[in-house]
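*Asks:* Coordinates in upload_18.cif, mmCIF, C-alpha atoms and all ligand atoms, are listed below.
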data_target
#
loop_
_atom_site.label_atom_id
_atom_site.label_comp_id
_atom_site.auth_asym_id
_atom_site.auth_seq_id
_atom_site.Cartn_x
_atom_site.Cartn_y
_atom_site.Cartn_z
CA MET Y 1 -38.76 9.04 -4.93
CA SER Y 2 -39.31 9.87 -8.61
CA ALA Y 3 -36.60 9.35 -11.20
CA GLU Y 4 -36.21 13.13 -11.48
CA GLN Y 5 -35.71 13.53 -7.71
CA LEU Y 6 -33.24 10.65 -7.64
CA ASP Y 7 -31.21 12.29 -10.41
CA VAL Y 8 -31.25 15.72 -8.76
CA THR Y 9 -30.15 14.37 -5.37
CA ASP Y 10 -27.60 11.90 -6.82
CA PRO Y 11 -24.14 12.93 -5.54
CA LEU Y 12 -22.63 11.51 -8.77
CA GLY Y 13 -25.23 13.29 -10.96
CA PRO Y 14 -22.69 15.81 -12.29
CA TYR Y 15 -20.76 12.92 -13.91
CA LEU Y 16 -23.59 12.38 -16.42
CA GLU Y 17 -22.30 15.49 -18.21
CA LYS Y 18 -18.84 13.96 -18.63
CA PHE Y 19 -20.07 11.60 -21.35
CA TYR Y 20 -20.91 12.18 -24.99
CA ARG Y 21 -24.65 11.62 -25.34
CA SER Y 22 -26.23 11.10 -28.74
CA GLU Y 23 -29.45 13.07 -29.34
CA GLU Y 24 -31.09 10.08 -30.93
CA VAL Y 25 -30.58 7.71 -27.95
CA ILE Y 26 -33.22 8.40 -25.28
CA ALA Y 27 -32.10 5.72 -22.82
CA TYR Y 28 -28.83 3.78 -23.02
CA LEU Y 29 -29.10 0.62 -20.93
CA ASP Y 30 -26.26 -1.44 -22.32
CA GLY Y 31 -23.21 0.07 -20.65
CA ASN Y 32 -22.21 -3.47 -19.65
CA SER Y 33 -21.68 -4.40 -23.31
CA LEU Y 34 -20.14 -1.17 -24.56
CA GLY Y 35 -19.69 1.92 -22.38
CA ARG Y 36 -20.44 5.38 -23.77
CA PRO Y 37 -17.44 7.53 -24.77
CA THR Y 38 -16.32 10.17 -22.28
CA LYS Y 39 -16.07 13.71 -23.64
CA ALA Y 40 -12.41 13.69 -22.61
CA SER Y 41 -11.83 10.71 -24.94
CA VAL Y 42 -13.38 12.52 -27.92
CA ASP Y 43 -10.63 15.06 -27.48
CA ARG Y 44 -7.84 12.63 -26.59
CA LEU Y 45 -8.41 10.45 -29.66
CA ALA Y 46 -8.37 13.41 -32.06
CA LYS Y 47 -5.21 14.86 -30.52
CA PHE Y 48 -3.44 11.52 -30.51
CA THR Y 49 -3.67 11.21 -34.28
CA THR Y 50 -1.87 14.46 -34.98
CA GLU Y 51 0.25 15.24 -31.91
CA GLN Y 52 1.52 11.75 -31.10
CA TRP Y 53 1.19 9.44 -34.08
CA GLY Y 54 1.48 12.25 -36.66
CA ASP Y 55 4.27 14.30 -35.09
CA ARG Y 56 6.30 11.69 -33.24
CA LEU Y 57 5.92 8.81 -35.75
CA ILE Y 58 8.20 5.86 -34.91
CA ARG Y 59 9.93 7.91 -32.19
CA GLY Y 60 6.67 7.67 -30.25
CA TRP Y 61 7.52 4.10 -29.21
CA ASP Y 62 10.67 5.19 -27.37
CA GLU Y 63 9.21 8.39 -26.02
CA LEU Y 64 5.64 7.53 -25.12
CA TRP Y 65 4.24 4.12 -25.94
CA TYR Y 66 6.59 1.29 -25.02
CA ASP Y 67 5.69 1.30 -21.32
CA LEU Y 68 2.08 2.38 -21.77
CA PRO Y 69 0.57 -1.14 -21.45
CA LEU Y 70 2.21 -1.49 -18.03
CA GLU Y 71 1.60 2.11 -16.92
CA ILE Y 72 -2.11 1.89 -17.72
CA GLY Y 73 -2.11 -1.62 -16.24
CA ASP Y 74 -0.87 -0.14 -12.95
CA ARG Y 75 -3.62 2.49 -13.11
CA VAL Y 76 -6.31 -0.14 -13.71
CA GLY Y 77 -4.80 -2.04 -10.78
CA LYS Y 78 -4.82 0.95 -8.44
CA VAL Y 79 -8.18 2.48 -9.37
CA THR Y 80 -10.28 -0.64 -9.86
CA LEU Y 81 -8.56 -3.90 -8.85
CA GLY Y 82 -6.90 -3.33 -5.49
CA ALA Y 83 -3.59 -4.39 -7.06
CA LYS Y 84 -0.14 -3.03 -6.24
CA PRO Y 85 1.98 -1.92 -9.23
CA GLY Y 86 3.74 -4.42 -11.46
CA GLN Y 87 1.02 -7.07 -11.64
CA VAL Y 88 -1.30 -5.83 -14.40
CA PHE Y 89 -0.76 -5.49 -18.15
CA ILE Y 90 -2.96 -4.29 -20.98
CA GLY Y 91 -2.66 -6.69 -23.85
CA ASP Y 92 -4.81 -8.69 -26.21
CA SER Y 93 -8.54 -9.38 -26.20
CA THR Y 94 -10.01 -10.89 -23.04
CA THR Y 95 -10.29 -14.19 -24.88
CA VAL Y 96 -6.58 -14.32 -25.72
CA ILE Y 97 -5.51 -13.18 -22.24
CA LEU Y 98 -7.75 -15.84 -20.68
CA TYR Y 99 -6.12 -18.41 -22.93
CA LYS Y 100 -2.66 -17.32 -21.85
CA LEU Y 101 -3.53 -17.30 -18.15
CA ILE Y 102 -5.34 -20.65 -18.18
CA ARG Y 103 -2.43 -22.30 -19.97
CA THR Y 104 0.03 -20.64 -17.60
CA ALA Y 105 -1.86 -21.95 -14.56
CA LEU Y 106 -2.09 -25.50 -15.92
CA ASP Y 107 1.59 -25.59 -16.80
CA ALA Y 108 2.31 -24.47 -13.23
CA SER Y 109 0.35 -27.42 -11.76
CA PRO Y 110 1.29 -30.39 -13.96
CA ASP Y 111 0.28 -33.01 -11.36
CA ARG Y 112 -3.37 -31.95 -11.18
CA ASP Y 113 -5.72 -32.55 -14.05
CA GLU Y 114 -9.12 -31.01 -13.26
CA ILE Y 115 -10.51 -27.54 -13.95
CA ILE Y 116 -13.70 -26.32 -12.27
CA VAL Y 117 -16.00 -24.06 -14.32
CA ASP Y 118 -19.74 -23.32 -14.36
CA THR Y 119 -22.20 -23.90 -17.20
CA ASP Y 120 -23.40 -20.29 -17.04
CA ASN Y 121 -19.96 -18.80 -17.51
CA PHE Y 122 -19.51 -16.58 -20.57
CA PRO Y 123 -19.26 -18.61 -23.81
CA THR Y 124 -15.67 -17.59 -24.55
CA ASP Y 125 -14.54 -18.92 -21.15
CA ARG Y 126 -16.34 -22.23 -21.70
CA TYR Y 127 -15.15 -22.65 -25.30
CA LEU Y 128 -11.54 -21.84 -24.39
CA LEU Y 129 -11.61 -24.34 -21.55
CA GLU Y 130 -13.00 -27.07 -23.82
CA GLY Y 131 -10.19 -26.43 -26.28
CA ILE Y 132 -7.45 -26.24 -23.67
CA ALA Y 133 -8.71 -29.34 -21.84
CA ALA Y 134 -8.43 -31.27 -25.13
CA GLU Y 135 -5.04 -29.75 -25.92
CA ARG Y 136 -3.53 -30.46 -22.47
CA ASN Y 137 -5.44 -33.63 -21.63
CA LYS Y 138 -7.32 -32.12 -18.64
CA LYS Y 139 -10.83 -32.76 -17.38
CA LEU Y 140 -13.54 -30.12 -16.93
CA VAL Y 141 -15.73 -30.32 -13.83
CA TRP Y 142 -18.97 -28.44 -14.58
CA LEU Y 143 -21.06 -26.71 -11.89
CA THR Y 144 -24.59 -25.47 -12.48
CA ALA Y 145 -26.07 -22.51 -10.62
CA GLU Y 146 -29.68 -21.41 -10.19
CA HIS Y 147 -31.06 -19.37 -13.12
CA ASP Y 148 -31.13 -16.09 -11.13
CA GLU Y 149 -28.05 -16.83 -9.04
CA GLY Y 150 -24.43 -17.91 -9.41
CA VAL Y 151 -21.79 -20.20 -8.02
CA THR Y 152 -21.41 -20.31 -4.21
CA PRO Y 153 -18.39 -21.13 -2.00
CA THR Y 154 -20.19 -24.31 -0.82
CA GLN Y 155 -20.61 -25.56 -4.39
CA ILE Y 156 -16.91 -25.03 -5.02
CA ALA Y 157 -15.99 -26.71 -1.74
CA ASN Y 158 -18.03 -29.77 -2.74
CA ALA Y 159 -16.45 -30.03 -6.19
CA ILE Y 160 -12.82 -29.27 -5.42
CA GLY Y 161 -10.14 -31.80 -4.48
CA ALA Y 162 -6.51 -32.79 -4.60
CA ASN Y 163 -6.81 -33.15 -8.36
CA THR Y 164 -8.09 -29.62 -9.03
CA ALA Y 165 -5.52 -27.51 -10.84
CA LEU Y 166 -7.63 -24.42 -11.49
CA VAL Y 167 -11.01 -22.78 -10.83
CA VAL Y 168 -12.28 -20.38 -13.53
CA LEU Y 169 -15.27 -18.21 -12.65
CA SER Y 170 -16.85 -14.87 -13.50
CA HIS Y 171 -16.98 -12.37 -10.66
CA VAL Y 172 -20.31 -11.02 -11.95
CA ALA Y 173 -22.32 -13.49 -14.06
CA TYR Y 174 -22.97 -11.97 -17.49
CA ARG Y 175 -26.55 -13.25 -17.58
CA SER Y 176 -28.01 -13.11 -14.07
CA GLY Y 177 -25.78 -10.34 -12.74
CA PHE Y 178 -24.96 -12.49 -9.68
CA LEU Y 179 -21.94 -11.18 -7.77
CA ALA Y 180 -19.84 -14.10 -6.55
CA ASP Y 181 -18.19 -14.07 -3.12
CA ALA Y 182 -14.71 -13.83 -4.62
CA ALA Y 183 -12.86 -13.61 -1.30
CA ALA Y 184 -14.50 -16.76 0.11
CA ILE Y 185 -14.23 -18.76 -3.12
CA THR Y 186 -10.58 -17.82 -3.53
CA LYS Y 187 -9.94 -19.15 -0.03
CA VAL Y 188 -11.77 -22.41 -0.79
CA ALA Y 189 -9.60 -22.87 -3.90
CA HIS Y 190 -6.39 -22.21 -1.98
CA ASP Y 191 -7.34 -24.51 0.90
CA ALA Y 192 -7.46 -27.30 -1.69
CA GLY Y 193 -4.13 -26.23 -3.19
CA ALA Y 194 -5.73 -25.07 -6.47
CA LEU Y 195 -5.18 -21.83 -8.38
CA ILE Y 196 -8.02 -19.44 -9.17
CA LEU Y 197 -8.64 -17.26 -12.22
CA TRP Y 198 -11.35 -14.60 -12.00
CA ASP Y 199 -12.99 -13.19 -15.13
CA LEU Y 200 -13.73 -9.60 -14.12
CA CYS Y 201 -15.38 -8.41 -17.38
CA HIS Y 202 -18.72 -7.66 -15.77
CA SER Y 203 -17.45 -6.28 -12.49
CA VAL Y 204 -14.41 -4.11 -13.17
CA GLY Y 205 -15.27 -0.41 -12.92
CA ALA Y 206 -18.66 -1.05 -11.26
CA VAL Y 207 -17.91 -3.25 -8.25
CA PRO Y 208 -15.05 -2.85 -5.73
CA ILE Y 209 -12.36 -5.50 -6.24
CA ALA Y 210 -9.45 -6.34 -3.91
CA LEU Y 211 -7.29 -8.86 -5.78
CA ASP Y 212 -4.20 -8.47 -3.59
CA GLU Y 213 -6.19 -8.67 -0.36
CA TRP Y 214 -8.26 -11.66 -1.49
CA GLY Y 215 -5.07 -13.48 -2.50
CA VAL Y 216 -6.24 -14.00 -6.09
CA ASP Y 217 -3.74 -15.76 -8.37
CA LEU Y 218 -4.85 -14.67 -11.84
CA ALA Y 219 -7.52 -12.40 -13.31
CA ALA Y 220 -8.52 -10.84 -16.61
CA GLY Y 221 -11.21 -8.43 -17.73
CA CYS Y 222 -12.64 -6.27 -20.48
CA THR Y 223 -12.02 -2.54 -20.78
CA TYR Y 224 -14.81 -1.67 -23.23
CA LYS Y 225 -17.64 -2.37 -20.75
CA TYR Y 226 -17.59 -0.36 -17.49
CA LEU Y 227 -14.14 1.06 -18.31
CA ASN Y 228 -15.45 2.79 -21.47
CA GLY Y 229 -12.37 2.02 -23.58
CA GLY Y 230 -14.33 1.84 -26.86
CA PRO Y 231 -15.18 -1.05 -29.18
CA GLY Y 232 -12.48 -3.73 -29.04
CA SER Y 233 -10.23 -1.90 -26.58
CA PRO Y 234 -7.63 -4.37 -25.29
CA ALA Y 235 -8.23 -6.28 -22.05
CA PHE Y 236 -6.09 -6.42 -18.90
CA GLY Y 237 -4.51 -9.38 -17.19
CA TYR Y 238 -3.42 -9.68 -13.54
CA VAL Y 239 -0.78 -12.07 -12.26
CA ARG Y 240 0.01 -12.10 -8.54
CA SER Y 241 3.51 -10.78 -7.89
CA GLU Y 242 4.83 -13.93 -6.20
CA TYR Y 243 4.43 -15.86 -9.47
CA LEU Y 244 5.98 -13.35 -11.81
CA GLU Y 245 9.41 -14.91 -11.97
CA THR Y 246 8.22 -18.51 -12.29
CA PHE Y 247 5.02 -18.51 -14.34
CA GLN Y 248 5.53 -18.66 -18.09
CA GLN Y 249 2.88 -17.91 -20.66
CA PRO Y 250 2.44 -19.90 -23.86
CA ILE Y 251 2.41 -17.15 -26.53
CA GLN Y 252 6.10 -16.30 -26.48
CA GLY Y 253 6.30 -13.13 -28.51
CA TRP Y 254 9.22 -10.77 -28.96
CA LEU Y 255 7.75 -7.90 -26.90
CA GLY Y 256 7.55 -10.11 -23.81
CA SER Y 257 11.15 -11.24 -24.12
CA THR Y 258 14.16 -9.93 -22.17
CA ASN Y 259 15.69 -7.76 -24.83
CA PRO Y 260 13.19 -7.29 -27.64
CA PHE Y 261 15.40 -4.95 -29.66
CA GLU Y 262 18.38 -7.27 -29.68
CA MET Y 263 16.31 -9.60 -31.87
CA GLY Y 264 18.19 -12.53 -30.31
CA PRO Y 265 18.19 -16.17 -31.40
CA LYS Y 266 16.12 -17.58 -28.49
CA TYR Y 267 13.14 -16.53 -26.38
CA GLN Y 268 13.92 -15.56 -22.81
CA PRO Y 269 10.95 -14.23 -20.79
CA HIS Y 270 11.28 -10.65 -19.58
CA GLN Y 271 11.38 -10.08 -15.83
CA GLY Y 272 8.09 -9.25 -14.18
CA ILE Y 273 4.68 -8.69 -15.72
CA ARG Y 274 6.06 -7.69 -19.14
CA ARG Y 275 6.55 -11.38 -19.97
CA PHE Y 276 2.78 -11.67 -20.36
CA ILE Y 277 2.81 -9.30 -23.33
CA SER Y 278 3.17 -11.10 -26.67
CA GLY Y 279 3.27 -8.80 -29.69
CA THR Y 280 2.88 -5.10 -30.48
CA PRO Y 281 0.11 -3.76 -28.24
CA SER Y 282 -2.75 -1.61 -29.54
CA ILE Y 283 -1.80 1.85 -28.33
CA VAL Y 284 -4.77 3.45 -30.11
CA GLY Y 285 -7.02 0.95 -28.34
CA MET Y 286 -5.83 1.86 -24.86
CA LEU Y 287 -6.32 5.62 -25.08
CA ALA Y 288 -9.95 6.08 -24.05
CA MET Y 289 -9.96 3.85 -20.96
CA GLN Y 290 -7.56 6.30 -19.30
CA ASP Y 291 -10.28 8.96 -19.22
CA MET Y 292 -12.76 6.63 -17.57
CA LEU Y 293 -10.14 5.62 -15.01
CA ASP Y 294 -9.75 9.34 -14.18
CA LEU Y 295 -13.50 9.67 -13.61
CA ILE Y 296 -13.76 6.53 -11.47
CA GLU Y 297 -10.79 7.63 -9.40
CA GLN Y 298 -12.33 11.08 -8.81
CA ALA Y 299 -15.74 9.68 -7.94
CA GLY Y 300 -14.32 6.85 -5.81
CA ILE Y 301 -15.20 3.21 -6.44
CA ALA Y 302 -17.20 3.00 -3.17
CA GLN Y 303 -19.49 5.83 -4.37
CA VAL Y 304 -19.70 4.24 -7.81
CA ARG Y 305 -20.86 1.02 -6.17
CA GLN Y 306 -23.45 2.88 -4.07
CA LYS Y 307 -24.97 4.48 -7.16
CA SER Y 308 -24.93 1.13 -8.95
CA GLU Y 309 -26.90 -0.50 -6.11
CA LYS Y 310 -29.42 2.36 -6.21
CA LEU Y 311 -29.82 2.13 -9.99
CA THR Y 312 -30.37 -1.63 -10.01
CA GLY Y 313 -32.62 -1.31 -6.92
CA PHE Y 314 -34.70 1.33 -8.72
CA ALA Y 315 -34.96 -0.93 -11.78
CA ILE Y 316 -36.25 -3.77 -9.58
CA GLU Y 317 -38.80 -1.43 -7.91
CA LEU Y 318 -40.12 -0.40 -11.32
CA PHE Y 319 -40.16 -4.03 -12.42
CA GLU Y 320 -42.40 -4.87 -9.41
CA GLU Y 321 -44.66 -1.94 -10.13
CA LEU Y 322 -45.02 -2.23 -13.92
CA LEU Y 323 -43.87 -5.63 -15.16
CA ALA Y 324 -44.35 -8.38 -12.55
CA ALA Y 325 -48.14 -8.48 -13.02
CA LYS Y 326 -47.65 -8.86 -16.79
CA GLY Y 327 -45.82 -12.15 -16.40
CA VAL Y 328 -42.26 -10.77 -16.59
CA LYS Y 329 -39.83 -12.64 -14.32
CA LEU Y 330 -36.83 -11.21 -12.50
CA ALA Y 331 -33.73 -13.28 -13.37
CA SER Y 332 -31.26 -11.40 -11.12
CA PRO Y 333 -30.66 -11.53 -7.36
CA ARG Y 334 -32.91 -9.29 -5.22
CA ASP Y 335 -30.21 -8.88 -2.58
CA PRO Y 336 -28.08 -5.88 -3.65
CA VAL Y 337 -25.03 -7.39 -1.94
CA ARG Y 338 -25.15 -10.30 -4.42
CA ARG Y 339 -25.86 -8.18 -7.51
CA GLY Y 340 -23.51 -6.52 -10.01
CA SER Y 341 -24.58 -3.52 -12.09
CA HIS Y 342 -27.09 -5.10 -14.44
CA VAL Y 343 -30.56 -6.57 -14.02
CA THR Y 344 -32.01 -9.27 -16.26
CA ILE Y 345 -35.72 -9.82 -16.77
CA ASP Y 346 -37.33 -12.64 -18.74
CA HIS Y 347 -40.45 -12.80 -20.91
CA ASP Y 348 -41.31 -14.81 -24.02
CA LEU Y 349 -41.97 -11.67 -26.08
CA PHE Y 350 -38.66 -10.02 -25.29
CA ALA Y 351 -36.96 -10.67 -28.65
CA GLU Y 352 -39.68 -8.59 -30.35
CA VAL Y 353 -39.86 -6.07 -27.49
CA ASN Y 354 -36.11 -5.46 -27.63
CA ALA Y 355 -36.20 -4.89 -31.41
CA ALA Y 356 -39.04 -2.36 -30.95
CA LEU Y 357 -37.10 -0.60 -28.16
CA TRP Y 358 -34.02 -0.19 -30.35
CA LYS Y 359 -36.20 1.52 -33.01
CA LYS Y 360 -37.25 4.09 -30.37
CA GLY Y 361 -33.66 4.84 -29.30
CA ILE Y 362 -34.03 2.84 -26.08
CA ILE Y 363 -31.08 0.46 -25.97
CA PRO Y 364 -30.87 -2.49 -23.57
CA ASP Y 365 -29.80 -5.88 -24.95
CA PHE Y 366 -31.47 -9.20 -25.57
CA ARG Y 367 -29.97 -12.49 -24.44
CA ARG Y 368 -31.38 -15.78 -25.61
CA PRO Y 369 -33.72 -17.41 -24.97
CA ASN Y 370 -35.91 -14.67 -23.48
CA GLY Y 371 -33.93 -12.18 -21.39
CA ILE Y 372 -33.58 -8.41 -21.57
CA ARG Y 373 -30.51 -7.13 -19.75
CA LEU Y 374 -30.54 -3.63 -18.32
CA GLY Y 375 -26.89 -2.69 -17.93
CA LEU Y 376 -26.61 0.36 -15.69
CA SER Y 377 -23.23 2.05 -15.88
CA PRO Y 378 -23.05 3.98 -12.61
CA LEU Y 379 -21.38 7.19 -13.80
CA SER Y 380 -23.19 7.52 -17.13
CA THR Y 381 -26.71 6.11 -16.56
CA SER Y 382 -29.43 8.34 -15.10
CA PHE Y 383 -32.42 7.16 -13.06
CA LYS Y 384 -34.56 8.78 -15.75
CA GLU Y 385 -33.09 6.45 -18.38
CA VAL Y 386 -34.00 3.43 -16.23
CA GLU Y 387 -37.57 4.71 -15.93
CA ILE Y 388 -37.90 5.43 -19.65
CA GLY Y 389 -36.68 1.91 -20.43
CA ILE Y 390 -38.96 0.03 -18.06
CA LYS Y 391 -42.04 2.13 -18.89
CA ALA Y 392 -41.45 1.47 -22.59
CA ILE Y 393 -41.12 -2.29 -21.96
CA SER Y 394 -44.37 -2.22 -19.98
CA GLU Y 395 -46.21 -0.40 -22.78
CA LEU Y 396 -44.89 -2.75 -25.47
CA ILE Y 397 -46.07 -5.87 -23.60
C1 LIG Y 401 -17.71 -9.56 -22.45
C2 LIG Y 401 -17.09 -10.76 -21.84
C3 LIG Y 401 -16.01 -11.41 -22.49
C4 LIG Y 401 -15.57 -10.95 -23.85
O1 LIG Y 401 -14.36 -11.41 -24.31
P1 LIG Y 401 -13.70 -10.71 -25.59
O2 LIG Y 401 -12.49 -11.45 -25.86
O3 LIG Y 401 -13.51 -9.27 -25.26
O4 LIG Y 401 -14.70 -10.81 -26.72
C5 LIG Y 401 -15.43 -12.49 -21.83
N1 LIG Y 401 -15.88 -12.90 -20.60
C6 LIG Y 401 -16.93 -12.29 -19.98
C7 LIG Y 401 -17.40 -12.76 -18.65
C8 LIG Y 401 -17.58 -11.21 -20.58
O5 LIG Y 401 -18.59 -10.61 -19.99
#
For the structure just supplied, provide its representation as structure tokens.

*Replies:*
Amino acid sequence: MSAEQLDVTDPLGPYLEKFYRSEEVIAYLDGNSLGRPTKASVDRLAKFTTEQWGDRLIRGWDELWYDLPLEIGDRVGKVTLGAKPGQVFIGDSTTVILYKLIRTALDASPDRDEIIVDTDNFPTDRYLLEGIAAERNKKLVWLTAEHDEGVTPTQIANAIGANTALVVLSHVAYRSGFLADAAAITKVAHDAGALILWDLCHSVGAVPIALDEWGVDLAAGCTYKYLNGGPGSPAFGYVRSEYLETFQQPIQGWLGSTNPFEMGPKYQPHQGIRRFISGTPSIVGMLAMQDMLDLIEQAGIAQVRQKSEKLTGFAIELFEELLAAKGVKLASPRDPVRRGSHVTIDHDLFAEVNAALWKKGIIPDFRRPNGIRLGLSPLSTSFKEVEIGIKAISELI
């Protein structure tokens, strides 16, 4: 089927109109780095400035904003994470939330001193773990996956033991797009008595997630990628309900304490998930993601996933047709079941090709040493955009 036919018959096609589209961008293929704004957010952000911030001023905290990080957290949990209420908060950057959750997990397992992580995990995860391992005197156990794959349950089973405190992995690998078997790996971790922390940055909003059902302990993820929260929108953290009264996080700020407005002499963690909040949350930053959550809920995450598989499948078909013979290599899994919503291709000329694409208003991204990532955001990317992008890459090589 042609790109045009695929767009016309796409049951989620009408959602393309729900996003602001710049005239000068012909094909946006980087929704996994920064999602497009929804039209609803254009409106919501403008109104917020006058009607909430402007009119309500400091009263807004009592009336509207104090519980917002937990209310939106519950919505993220319900719409995208398979999490019952009271386990998700919107807070700091992903990096800071990961720090808090890793430290929390290690403090909860003082007798175990190893952390399992993979060499292809996102840099922030690896750098944080190096720092925390030094700070807490723990040892990192590094796993290496195939270039176009990711970590498997068998690899974890072979590396884990009675000394493993924590396993930290990405659900979808940011480079290859490999979708890990989170349910099976979580079980392997638990069978060894270890905790697991999933980084969901590259899966949330594009891939169905069932944290409660899988028995996941801890998770965190970005909201500016497939949740279209805008540049620097705050991340979410998930802590399984059974731990909420015992786990304690290391950044003990006033807004996570029992009675913030008593300004008491000593820190006492608040009951429940609120204890994972540290300081004043970015209310402005958490506005836009609510509109994307509405769209994902309407469309249904199963349908979103179906479109994602079709988009990445179409990209791989075009790769075979136009790029494989020119020496371009596929660096993502061919099996749709093991693939998230982006496809990476490698070629030695891709740094130059990517720069030329950006000049034409065709926007994927380049990842060293030689990869172009095509990030296909299911509700906002058309099949036509995928075709424009791959044809342009073929012509440039
Ligand atoms: C994008 C991404 C991050 C980013 O962390 P920030 O603190 O938002 O900069 C972290 N982990 C993964 C896997 C990512 O894809």

*Asks:* How would you report the residues lying within 7 Å of ligand LIG 401 (chain Y), as number ranges by chain, if you count all atoms listed in the file?

*Replies:* Y: 33, 93-96, 121-122, 124-125, 170, 173-174, 199-202, 222, 232, 235

*Asks:* Which residues are near Y:Arg339? Cut-off 6 Å, all atoms listed in the file, ignore same chain within fewer than 2 positions. Put them as a ChimeraX atom specification.

*Replies:* /Y:177-179,333,336-337

*Asks:* For Y:Arg338, which of Y:Thr80, Y:Thr50, Y:Thr152, Y:Gln248 is the closest residue, counting only C-alpha atoms?

*Replies:*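 For Y:Arg338, the nearest of the candidates is Y:Thr152.
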
*Asks:* So the first atom is atom CA of Y:Val343 and the second is atom CA of Y:Leu374; what is the distance between them in Å, to one decimal place?

*Replies:*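 Value for the atom CA of Y:Val343-atom CA of Y:Leu374 distance: 5.2 Å.
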
*Asks:* Nearest to Y:Gly230: which of Y:Val353, Y:Ala145, Y:Leu34, Y:Ala162 is it, counting only C-alpha atoms?

*Replies:*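 Using only C-alpha atoms, the shortest distance to Y:Gly230 belongs to Y:Leu34.
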
*Asks:* Quick one: distance from atom CA of Y:Arg368 to atom CA of Y:Pro208 in Å, one decimal?

*Replies:*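 Between atom CA of Y:Arg368 and atom CA of Y:Pro208 the gap is 28.8 Å.
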
*Asks:* Edge lengths and centre in Å to one decimal, as AutoDock Vina command-line options, of the axis-aligned box that encloses all listed atoms of stretch 149-152 of chain Y with 5 Å added on every side?

*Replies:*
--center_x -24.7 --center_y -18.6 --center_z -6.8 --size_x 16.6 --size_y 13.5 --size_z 15.2

*Asks:* What is the distance between atom CA of Y:Lys100 and atom CA of Y:Ser241, in Å to one decimal?

*Replies:*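 Interatomic distance, atom CA of Y:Lys100 to atom CA of Y:Ser241: 16.6 Å.
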
*Asks:* What's the 9 Å shell around Y:Gly31, counting all atoms listed in the file, without same-chain residues fewer than 4 positions away, as a PyMOL selection string?

*Replies:* chain Y and resi 35-36+224-226+228+342+364+374-378+380-381

*Asks:* Go through Y:Ile102, Y:Leu349, Y:Leu255, Y:Leu323 and flag the residue nearest Y:Asp67, using all atoms listed in the file for the distances.

*Replies:* Y:Leu255

*Asks:* Would you give me, as JSON lines, each residue of stretch 144-232 of chain Y having an atom within 12 Å of an atom of stretch 263-282 of chain Y, along with its shortest atom pair and that distance in Å to one decimal, using all atoms listed in the file and sorting by chain and residue number?

*Replies:*
{"residue": "Y:Leu218", "atom": "CA", "partner": "Y:Phe276", "partner_atom": "CA", "distance": 11.8}
{"residue": "Y:Ala220", "atom": "CA", "partner": "Y:Phe276", "partner_atom": "CA", "distance": 11.9}
{"residue": "Y:Gly229", "atom": "CA", "partner": "Y:Ser282", "partner_atom": "CA", "distance": 11.9}
{"residue": "Y:Gly232", "atom": "CA", "partner": "Y:Ser282", "partner_atom": "CA", "distance": 10.0}
